[in-house]
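Below: one structure, written as structure tokens.
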Amino acid sequence: MGRHDAKFGGDFNYLPITATFTVNYGGVYDFGVFNSSNLGFALPASFPSSFPAFPELSAVQAYGAGLPGDFIQGVGSPSDSFTNKPLGLFWQDSWRARKNLTLNYGVRYDVEFPPRFKAPQGLALPAYAELGLQKGIQTDKNNIQPRIGLAYDPKGDGKTVIRASYGMFYDHPLLGLYFLGDASDGSTSGQLAFAGTGNCIGAGNPGNLNAIPIFQGLVNQPQCAPSVFPQANANLFYEPNQQQFQSLNTPQSVFLNQNYLNLAQSTFLPLGFQPFGYPQAKNFVYAYSQQVNLTVEHDLGDGFAFSLAYNFNGGRHINRPINANTIRGDLMTANFEGAYYDAIAAGQPKPSSPFTVSGCNPGGTASSPFPYVDPALMNFFRPSGLNPSIAAAHYLGGDAACVAQAQALLATIPGFNTKCNPAPPTFDYSGCVPFGDMDANFSNGSSVYHGLTSNLRKRFGSHYEFLASYTWSHSIDDSTDLQSTLTPQDSYFPAADRSTSTFDQRHRFVFSGVYQSGKLAGDGFLSKFFSHWTLAPLIEFSSGRPFNIITGGDDNFQLSSLTGRPNTTVDPACGTVYESRYSPTGVFQEPCINGFIATGTLPTLAQLDGNFGRNAAVTPWTVFDDLRIAKRIYFGERYSMELIADSFNVANRFNVAAVSPLFSNAGIPTAAYDPRQFQFAVKLNW
């Protein structure tokens with residue numbers, strides 16, 4: 001239409017999905033450095049008490065000793081079927097406003113009609129509301145995306161061009177989010193998580209159901225049974241030779257559909273670590289990015305051209321996993337400290353860790369002056385409030401006073417659920433939350449990318465061409481992917497994880513070229529020999545990429561051993577100090593609570609976290625140098641043969657591909673890119 005070229009259109013997709021995803025269904029054990037502080041065994045020598053000596057073990061030694069840090073397993077049906085129907089509409093126009101100026105502008109609109117899933121069953125539905133969660137993602141109807149760009153030749157001589165653009169681009173939520181939200185809702189199908197809290201401590205004790213006896217194949221032994229209810233133990237479907245629970249198609253499992261709360265069917269189990277799932281947060285919205293580009297390109301003459309470009313990409317509402325019901329480590333430590341000092345005052349054996357405190361005590365007497373409560377009863381101090389099965393077990397054991405003490409304590413903690421009170425004789429669980437962790441996907445992540453690229457290009461002429469490119473860039477984000485193993489170090493402070501992105505690569509230089517000798521004059525041997533050669537090098541220099549240094553331990557009690565980071569400061573009461581060139585102080589140490597216990601102080605939430613930043617270490621530079629040499633030989637006018645020799649990593653440089661993230665040996669290479677390689681080929685042409 002005159003100086004306008006307009007387009008409009010749309011696309012519609014009907015996506016029927018049938019999927020099976022057995023995430024964690026085979027069971028996943030995490031092993032890290034195991035020292036005395038893992039079970040609370042170590043205190044300074046000056047402390048007026050002694051613990052059994054326990055040597056520090058490496059992750060491999062901890063595996064050999066059968067001492068995992070935690071255990072995660074999925075149970076139920078890992079299959080699901082649903083449909084998704086995305087619709088997209090667009091309009092755009094290219095306007096040649098002037099001979100040397102072209103404007104492009106348009107708009108796109110995307111909307112999806114996602115699946116609707118059956119609501120969570122039983123207590124799970126009000127529990128979702130209590131924690132601000134949902135199954136699936138609601139339709140997002142405001143995804144309007146404007147785009148504009150221009151190309152401008154300031155002098156109109158074809159020598160210089162300026163290009164600029166801006167656009168918004170909405171993402172399609174991963175269908176895996178829908179799948180996980182439905183196939184692992186924590187109720188009809190879900191995940192189990194057990195910390196490694198200790199060995200068996202007597203038949204019928206709920207604390208026996210932890211990662212260490214499960215790994216050691218002991219849970220089905222009478223002296224290690226986790227409940228005095230035989231029928232409940234049968235419904236555990238424990239497979240000692242597999243070191244896991246039966247995972248597939250077990251709807252009658254005590255872990256599913258809140259069966260562990262069902263006294264009427266004799267499936268009641270005082271389950272310290274309740275099931276969890278992978279839901280979505282309420283008001284989840286689609287991610288989008290704003291992209292900006294500014295490029296100036298100039299023809300230098302003689303086939304040379306130079307360009308300089310700036311690129312910006314800002315991501316908003318990126319999905320990220322955050323535990324919506326994670327443990328409050330500061331409250332766990334305070335509770336442990338009360339039980340510890342109370343045991344000293346009473347001359348009784350001391351608890352070994354914050355997870356193994358048992359019984360309750362309101363405090364106030366000469367022999368028992370320090371208050372504490374059963375942490376399992378408090379669901380290990382999660383915001384969801386009381387653990388309904390442990391509360392019912394206390395009532396059944398005639399210990400109503402302990403439940404009353406826990407309820408009184410809950411009322412003093414802002415933001416904690418106080419609605420759960422399964423008092424006899426009805427054991428009404430209304431208001432109770434039947435979940436442990438809930439690794440939900442939120443849409444509150446963000447990212448930013450800045451890139452500056454320069455290119456020098458030579459068009460083919462005088463037998464050669466080349467492209468030399470250098471990019472400086474910086475990528476920053478607060479999340480990497482939707483996997484639950486990539487939650488923040490501390491789900492109460494997710495913003496503290498904002499740092500250089502895993503994908504960041506600060507410097508990258510690439511040179512590629514082709515030289516062709518062509519046909520030399522003359523018919524002699526040397527003329528024919530040196531004719532029709534091709535030489536094509538490819539060289540790349542790249543700075544290393546960031547990696548996250550972790551402890552492999554559950555240092556802040558949030559059951560996320562793959563995200564805990566070390567301290568760069570030393571506490572004499574904690575474990576081994578490791579020298580490391582990645583630490584600003586030259587050393588790393590695993591965080592622990594021993595120093596707080598020894599001095600009678602209480603840590604804040606943040607003080608339980610390692611102070612080394614996320615992705616604060618960088619892998620070594622890489623250098624890749626490849627070369628092709630080819631010779632074409634003619635047999636008359638119709639036939640020719642090409643001999644080709646390719647060499648990769650000509651210098652045979654050791655290029656690190658992956659390193660160990662564990663703080664005890666951080667940066668040790670664990671994988672490398674290929675060494676020098678050759679390949680040869682013969683091509684016949686006719």
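Chain labels A, B, ... are given in the sequence in which chains occur in the structure tokens; within each chain residues are numbered consecutively from 1, and ligands are likewise numbered from 1 in the order shown.
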
Which residues, written as a PyMOL selection string, have at least one atom at most 7 Å from Ala645 in chain A, with only C-alpha atoms counted and residues fewer than 2 positions away on the same chain left out?
chain A and resi 628-630+643+647+679-681

For the structure I just gave you, how does DSSP split range 424-591 of chain A - specifically, which residues are strand (DSSP E)? Reply as an mmCIF file with N, CA and C atoms, in the first residue's frame.
data_model
loop_
_atom_site.group_PDB
_atom_site.id
_atom_site.type_symbol
_atom_site.label_atom_id
_atom_site.label_comp_id
_atom_site.auth_asym_id
_atom_site.auth_seq_id
_atom_site.Cartn_x
_atom_site.Cartn_y
_atom_site.Cartn_z
ATOM 1 N N ASP A 439 7.594 -27.302 47.117
ATOM 2 C CA ASP A 439 8.502 -26.646 46.175
ATOM 3 C C ASP A 439 7.691 -26.083 45.015
ATOM 4 N N ALA A 440 7.171 -24.900 45.229
ATOM 5 C CA ALA A 440 6.263 -24.280 44.269
ATOM 6 C C ALA A 440 7.037 -23.485 43.231
ATOM 7 N N ASN A 441 6.425 -23.330 42.056
ATOM 8 C CA ASN A 441 6.993 -22.453 41.035
ATOM 9 C C ASN A 441 6.300 -21.101 41.108
ATOM 10 N N PHE A 442 7.083 -20.086 41.397
ATOM 11 C CA PHE A 442 6.620 -18.707 41.440
ATOM 12 C C PHE A 442 7.004 -18.028 40.122
ATOM 13 N N SER A 443 6.393 -16.896 39.859
ATOM 14 C CA SER A 443 6.733 -16.136 38.643
ATOM 15 C C SER A 443 7.317 -14.783 39.037
ATOM 16 N N ASN A 444 8.217 -14.792 40.014
ATOM 17 C CA ASN A 444 8.790 -13.542 40.510
ATOM 18 C C ASN A 444 10.280 -13.427 40.212
ATOM 19 N N GLY A 445 10.792 -14.255 39.300
ATOM 20 C CA GLY A 445 12.193 -14.169 38.933
ATOM 21 C C GLY A 445 12.440 -13.075 37.912
ATOM 22 N N SER A 446 13.679 -12.635 37.807
ATOM 23 C CA SER A 446 14.025 -11.607 36.827
ATOM 24 C C SER A 446 15.449 -11.822 36.352
ATOM 25 N N SER A 447 15.758 -11.275 35.193
ATOM 26 C CA SER A 447 17.104 -11.382 34.638
ATOM 27 C C SER A 447 17.399 -10.141 33.812
ATOM 28 N N VAL A 448 18.680 -9.892 33.578
ATOM 29 C CA VAL A 448 19.081 -8.786 32.720
ATOM 30 C C VAL A 448 20.363 -9.193 32.004
ATOM 31 N N TYR A 449 20.436 -8.847 30.729
ATOM 32 C CA TYR A 449 21.614 -9.145 29.913
ATOM 33 C C TYR A 449 22.042 -7.881 29.193
ATOM 34 N N HIS A 450 23.342 -7.563 29.286
ATOM 35 C CA HIS A 450 23.937 -6.477 28.515
ATOM 36 C C HIS A 450 25.049 -7.074 27.666
ATOM 37 N N GLY A 451 25.044 -6.756 26.390
ATOM 38 C CA GLY A 451 26.076 -7.263 25.510
ATOM 39 C C GLY A 451 26.548 -6.193 24.536
ATOM 40 N N LEU A 452 27.852 -6.077 24.385
ATOM 41 C CA LEU A 452 28.446 -5.138 23.437
ATOM 42 C C LEU A 452 29.322 -5.952 22.493
ATOM 43 N N THR A 453 28.992 -5.907 21.199
ATOM 44 C CA THR A 453 29.673 -6.735 20.213
ATOM 45 C C THR A 453 30.269 -5.868 19.119
ATOM 46 N N SER A 454 31.509 -6.157 18.754
ATOM 47 C CA SER A 454 32.148 -5.493 17.624
ATOM 48 C C SER A 454 32.548 -6.546 16.600
ATOM 49 N N ASN A 455 32.329 -6.247 15.332
ATOM 50 C CA ASN A 455 32.632 -7.168 14.245
ATOM 51 C C ASN A 455 33.429 -6.454 13.165
ATOM 52 N N LEU A 456 34.489 -7.091 12.717
ATOM 53 C CA LEU A 456 35.225 -6.632 11.538
ATOM 54 C C LEU A 456 35.109 -7.733 10.497
ATOM 55 N N ARG A 457 34.515 -7.383 9.366
ATOM 56 C CA ARG A 457 34.218 -8.371 8.337
ATOM 57 C C ARG A 457 34.923 -8.002 7.039
ATOM 58 N N LYS A 458 35.503 -8.982 6.392
ATOM 59 C CA LYS A 458 36.109 -8.796 5.072
ATOM 60 C C LYS A 458 35.397 -9.715 4.088
ATOM 61 N N ARG A 459 34.729 -9.110 3.093
ATOM 62 C CA ARG A 459 34.102 -9.911 2.052
ATOM 63 C C ARG A 459 35.164 -10.586 1.203
ATOM 64 N N PHE A 460 34.763 -11.688 0.552
ATOM 65 C CA PHE A 460 35.746 -12.453 -0.219
ATOM 66 C C PHE A 460 36.289 -11.606 -1.364
ATOM 67 N N GLY A 461 37.578 -11.557 -1.434
ATOM 68 C CA GLY A 461 38.295 -10.825 -2.467
ATOM 69 C C GLY A 461 39.777 -10.966 -2.230
ATOM 70 N N TYR A 464 40.792 -14.149 -0.143
ATOM 71 C CA TYR A 464 40.505 -14.454 1.260
ATOM 72 C C TYR A 464 39.299 -13.657 1.758
ATOM 73 N N GLU A 465 38.759 -14.151 2.863
ATOM 74 C CA GLU A 465 37.705 -13.468 3.615
ATOM 75 C C GLU A 465 37.882 -13.833 5.082
ATOM 76 N N PHE A 466 37.345 -12.994 5.973
ATOM 77 C CA PHE A 466 37.411 -13.339 7.391
ATOM 78 C C PHE A 466 36.336 -12.574 8.155
ATOM 79 N N LEU A 467 36.093 -13.040 9.371
ATOM 80 C CA LEU A 467 35.207 -12.364 10.319
ATOM 81 C C LEU A 467 35.867 -12.431 11.686
ATOM 82 N N ALA A 468 36.100 -11.273 12.286
ATOM 83 C CA ALA A 468 36.641 -11.192 13.643
ATOM 84 C C ALA A 468 35.587 -10.534 14.528
ATOM 85 N N SER A 469 35.273 -11.197 15.629
ATOM 86 C CA SER A 469 34.183 -10.718 16.482
ATOM 87 C C SER A 469 34.610 -10.787 17.940
ATOM 88 N N TYR A 470 34.314 -9.717 18.676
ATOM 89 C CA TYR A 470 34.553 -9.691 20.123
ATOM 90 C C TYR A 470 33.273 -9.245 20.819
ATOM 91 N N THR A 471 32.903 -9.979 21.873
ATOM 92 C CA THR A 471 31.711 -9.644 22.653
ATOM 93 C C THR A 471 32.068 -9.539 24.126
ATOM 94 N N TRP A 472 31.693 -8.422 24.717
ATOM 95 C CA TRP A 472 31.687 -8.290 26.176
ATOM 96 C C TRP A 472 30.235 -8.347 26.617
ATOM 97 N N SER A 473 29.961 -9.165 27.612
ATOM 98 C CA SER A 473 28.569 -9.278 28.056
ATOM 99 C C SER A 473 28.525 -9.564 29.544
ATOM 100 N N HIS A 474 27.365 -9.304 30.118
ATOM 101 C CA HIS A 474 27.132 -9.589 31.531
ATOM 102 C C HIS A 474 25.677 -9.985 31.694
ATOM 103 N N SER A 475 25.473 -11.157 32.261
ATOM 104 C CA SER A 475 24.135 -11.680 32.496
ATOM 105 C C SER A 475 23.915 -11.826 33.993
ATOM 106 N N ILE A 476 22.809 -11.287 34.485
ATOM 107 C CA ILE A 476 22.484 -11.293 35.915
ATOM 108 C C ILE A 476 21.086 -11.862 36.082
ATOM 109 N N ASP A 477 20.896 -12.728 37.068
ATOM 110 C CA ASP A 477 19.547 -13.234 37.331
ATOM 111 C C ASP A 477 19.455 -13.706 38.779
ATOM 112 N N SER A 499 22.456 -12.613 41.361
ATOM 113 C CA SER A 499 23.900 -12.569 41.143
ATOM 114 C C SER A 499 24.169 -12.776 39.663
ATOM 115 N N THR A 500 25.443 -12.858 39.348
ATOM 116 C CA THR A 500 25.841 -13.214 37.993
ATOM 117 C C THR A 500 25.210 -14.553 37.611
ATOM 118 N N HIS A 507 33.775 -12.450 28.351
ATOM 119 C CA HIS A 507 34.549 -12.116 27.146
ATOM 120 C C HIS A 507 34.514 -13.289 26.174
ATOM 121 N N ARG A 508 34.398 -12.937 24.890
ATOM 122 C CA ARG A 508 34.450 -13.984 23.857
ATOM 123 C C ARG A 508 34.965 -13.368 22.563
ATOM 124 N N PHE A 509 36.042 -13.945 22.051
ATOM 125 C CA PHE A 509 36.609 -13.505 20.779
ATOM 126 C C PHE A 509 36.631 -14.688 19.817
ATOM 127 N N VAL A 510 36.152 -14.451 18.608
ATOM 128 C CA VAL A 510 36.116 -15.500 17.592
ATOM 129 C C VAL A 510 36.686 -14.943 16.297
ATOM 130 N N PHE A 511 37.596 -15.701 15.706
ATOM 131 C CA PHE A 511 38.123 -15.359 14.383
ATOM 132 C C PHE A 511 37.920 -16.551 13.462
ATOM 133 N N SER A 512 37.316 -16.300 12.327
ATOM 134 C CA SER A 512 37.173 -17.343 11.311
ATOM 135 C C SER A 512 37.548 -16.744 9.969
ATOM 136 N N GLY A 513 38.204 -17.518 9.145
ATOM 137 C CA GLY A 513 38.632 -17.014 7.848
ATOM 138 C C GLY A 513 38.796 -18.126 6.843
ATOM 139 N N VAL A 514 38.878 -17.744 5.589
ATOM 140 C CA VAL A 514 39.107 -18.685 4.498
ATOM 141 C C VAL A 514 40.104 -18.050 3.531
ATOM 142 N N TYR A 515 41.150 -18.812 3.223
ATOM 143 C CA TYR A 515 42.091 -18.390 2.175
ATOM 144 C C TYR A 515 42.090 -19.451 1.086
ATOM 145 N N GLN A 516 41.913 -19.027 -0.166
ATOM 146 C CA GLN A 516 41.942 -19.924 -1.312
ATOM 147 C C GLN A 516 43.014 -19.442 -2.288
ATOM 148 N N TRP A 533 44.403 -24.612 -3.244
ATOM 149 C CA TRP A 533 44.470 -24.941 -1.826
ATOM 150 C C TRP A 533 43.468 -24.060 -1.057
ATOM 151 N N THR A 534 42.927 -24.634 -0.001
ATOM 152 C CA THR A 534 42.057 -23.879 0.906
ATOM 153 C C THR A 534 42.591 -24.014 2.327
ATOM 154 N N LEU A 535 42.696 -22.885 2.980
ATOM 155 C CA LEU A 535 43.132 -22.846 4.376
ATOM 156 C C LEU A 535 42.059 -22.103 5.176
ATOM 157 N N ALA A 536 41.448 -22.764 6.183
ATOM 158 C CA ALA A 536 40.324 -22.166 6.917
ATOM 159 C C ALA A 536 40.522 -22.355 8.422
ATOM 160 N N PRO A 537 41.030 -21.353 9.124
ATOM 161 C CA PRO A 537 41.176 -21.450 10.579
ATOM 162 C C PRO A 537 39.912 -20.971 11.304
ATOM 163 N N LEU A 538 39.726 -21.482 12.513
ATOM 164 C CA LEU A 538 38.645 -21.035 13.405
ATOM 165 C C LEU A 538 39.216 -21.013 14.813
ATOM 166 N N ILE A 539 39.281 -19.832 15.411
ATOM 167 C CA ILE A 539 39.909 -19.654 16.722
ATOM 168 C C ILE A 539 38.922 -18.953 17.649
ATOM 169 N N GLU A 540 38.825 -19.460 18.859
ATOM 170 C CA GLU A 540 37.912 -18.861 19.847
ATOM 171 C C GLU A 540 38.597 -18.780 21.203
ATOM 172 N N PHE A 541 38.571 -17.601 21.793
ATOM 173 C CA PHE A 541 39.016 -17.376 23.173
ATOM 174 C C PHE A 541 37.786 -16.981 23.985
ATOM 175 N N SER A 542 37.526 -17.697 25.078
ATOM 176 C CA SER A 542 36.331 -17.405 25.876
ATOM 177 C C SER A 542 36.674 -17.437 27.358
ATOM 178 N N PRO A 546 30.453 -18.876 35.323
ATOM 179 C CA PRO A 546 30.304 -19.009 36.778
ATOM 180 C C PRO A 546 29.793 -20.386 37.186
ATOM 181 N N PHE A 547 30.127 -20.785 38.387
ATOM 182 C CA PHE A 547 29.528 -21.982 38.973
ATOM 183 C C PHE A 547 29.290 -21.731 40.456
ATOM 184 N N VAL A 577 38.385 -26.407 58.104
ATOM 185 C CA VAL A 577 38.587 -25.224 57.273
ATOM 186 C C VAL A 577 39.362 -25.649 56.030
ATOM 187 N N TYR A 578 38.829 -25.289 54.856
ATOM 188 C CA TYR A 578 39.453 -25.668 53.591
ATOM 189 C C TYR A 578 40.009 -24.432 52.897
ATOM 190 N N GLU A 579 41.248 -24.524 52.468
ATOM 191 C CA GLU A 579 41.818 -23.436 51.686
ATOM 192 C C GLU A 579 41.248 -23.477 50.270
ATOM 193 N N VAL A 587 39.715 -19.093 52.476
ATOM 194 C CA VAL A 587 39.261 -20.305 53.152
ATOM 195 C C VAL A 587 37.742 -20.445 53.024
ATOM 196 N N PHE A 588 37.291 -21.696 53.140
ATOM 197 C CA PHE A 588 35.868 -22.016 53.223
ATOM 198 C C PHE A 588 35.631 -22.866 54.467
ATOM 199 N N GLN A 589 34.437 -22.709 55.040
ATOM 200 C CA GLN A 589 34.024 -23.562 56.142
ATOM 201 C C GLN A 589 32.516 -23.741 56.066
#

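Using only C-alpha atoms for every distance, the candidate list A:Val254, A:Ile327, A:Ala193, A:Leu150 yields A:Leu150 as the residue closest to Asn293 in chain A.
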
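Computed from the coordinates, the CA of Leu605 in chain A to CA of Asn323 in chain A distance equals 15.0 Å.
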
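Distances from A:Gly303, A:Gly106, A:Gly32, A:Gly415 to Lys7 in chain A were compared using only C-alpha atoms, and the smallest one belongs to A:Gly106.
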
Tell me, which residues of range 234-311 of chain A carry DSSP helix (DSSP H, G or I), written as a ChimeraX atom specification?
/A:234,240-242,259-261

Output file for the selection above: N, CA and C atoms, as a CSV table (one decimal), in the first residue's frame:
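And here is the file that came out, part10.csv:
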chain,number,residue,atom,x,y,z
A,234,ALA,N,2.7,-51.9,57.3
A,234,ALA,CA,2.5,-52.7,56.1
A,234,ALA,C,2.2,-51.8,54.9
A,240,PRO,N,13.4,-52.9,51.4
A,240,PRO,CA,14.8,-52.7,51.9
A,240,PRO,C,15.9,-53.0,50.9
A,241,ASN,N,15.7,-53.9,50.0
A,241,ASN,CA,16.7,-54.2,49.1
A,241,ASN,C,16.9,-53.1,48.0
A,242,GLN,N,15.9,-52.3,47.9
A,242,GLN,CA,15.9,-51.2,47.0
A,242,GLN,C,16.2,-49.9,47.7
A,259,ASN,N,-3.8,-40.7,53.9
A,259,ASN,CA,-4.1,-42.0,54.6
A,259,ASN,C,-3.4,-42.1,55.9
A,260,TYR,N,-2.3,-41.4,56.1
A,260,TYR,CA,-1.6,-41.5,57.3
A,260,TYR,C,-2.3,-40.8,58.5
A,261,LEU,N,-3.4,-40.1,58.2
A,261,LEU,CA,-4.2,-39.5,59.2
A,261,LEU,C,-5.5,-40.3,59.5

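Using only C-alpha atoms for every distance, the candidate list A:Asp110, A:Asp497, A:Asp437, A:Asp481 yields A:Asp437 as the residue closest to Ile72 in chain A.
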
Atom-to-atom span, CA of Ala309 in chain A and CA of Ser165 in chain A, Å:
11.5 Å

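For the choices A:His172, A:Arg163, A:Arg328, A:Arg653, the atom-to-atom distance to Glu297 in chain A is smallest for A:Arg163 when using only C-alpha atoms.
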
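Considering the residues A:Gly436, A:Met378, A:Thr569, A:Asn205 and counting only C-alpha atoms, Gly586 in chain A has its shortest atom-to-atom contact with A:Thr569.
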
For Gly338 in chain A, please output as an NGL selection string all residues within 8 Å (counting only C-alpha atoms; exclusion window: fewer than 3 positions along the same chain).
:A and (334-335 or 341-342 or 370-372)

Applying 10 Å and only C-alpha atoms, which residues near range 405-412 of chain A remain after dropping the ones on its own chain fewer than 2 positions away? List them as a list in words.
Cys360, Asn361, Pro362, Pro371, Tyr372, Val373, Asp374, Pro375, Leu377, Met378, Phe381, Pro383, Gly385, Leu386, Ala391, Ala400, Ala401, Cys402, Val403, Pro414, Gly415, Phe416, Asn417, Thr418, Lys419, Cys420 and Asn421 of chain A

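You can rank A:Ser189, A:Ser479, A:Thr18, A:Ser389 by their closest distance to Asn262 in chain A using only C-alpha atoms, and at the top of that list sits A:Ser389.
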
If you count only C-alpha atoms, which residues fall within 10 Å of Gly518 in chain A, apart from same-chain ones fewer than 5 positions away, as a ChimeraX atom specification?
/A:462-463,530-534,632

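The space separating CA of Ser561 in chain A from CA of Leu486 in chain A comes to 10.4 Å.
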
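Around range 118-127 of chain A, within 7 Å and counting only C-alpha atoms, the residues found are Arg116, Ala129, Glu130, Leu131, Ser187, Val433 and Pro434 of chain A, once anything fewer than 2 positions away on its own chain is removed.
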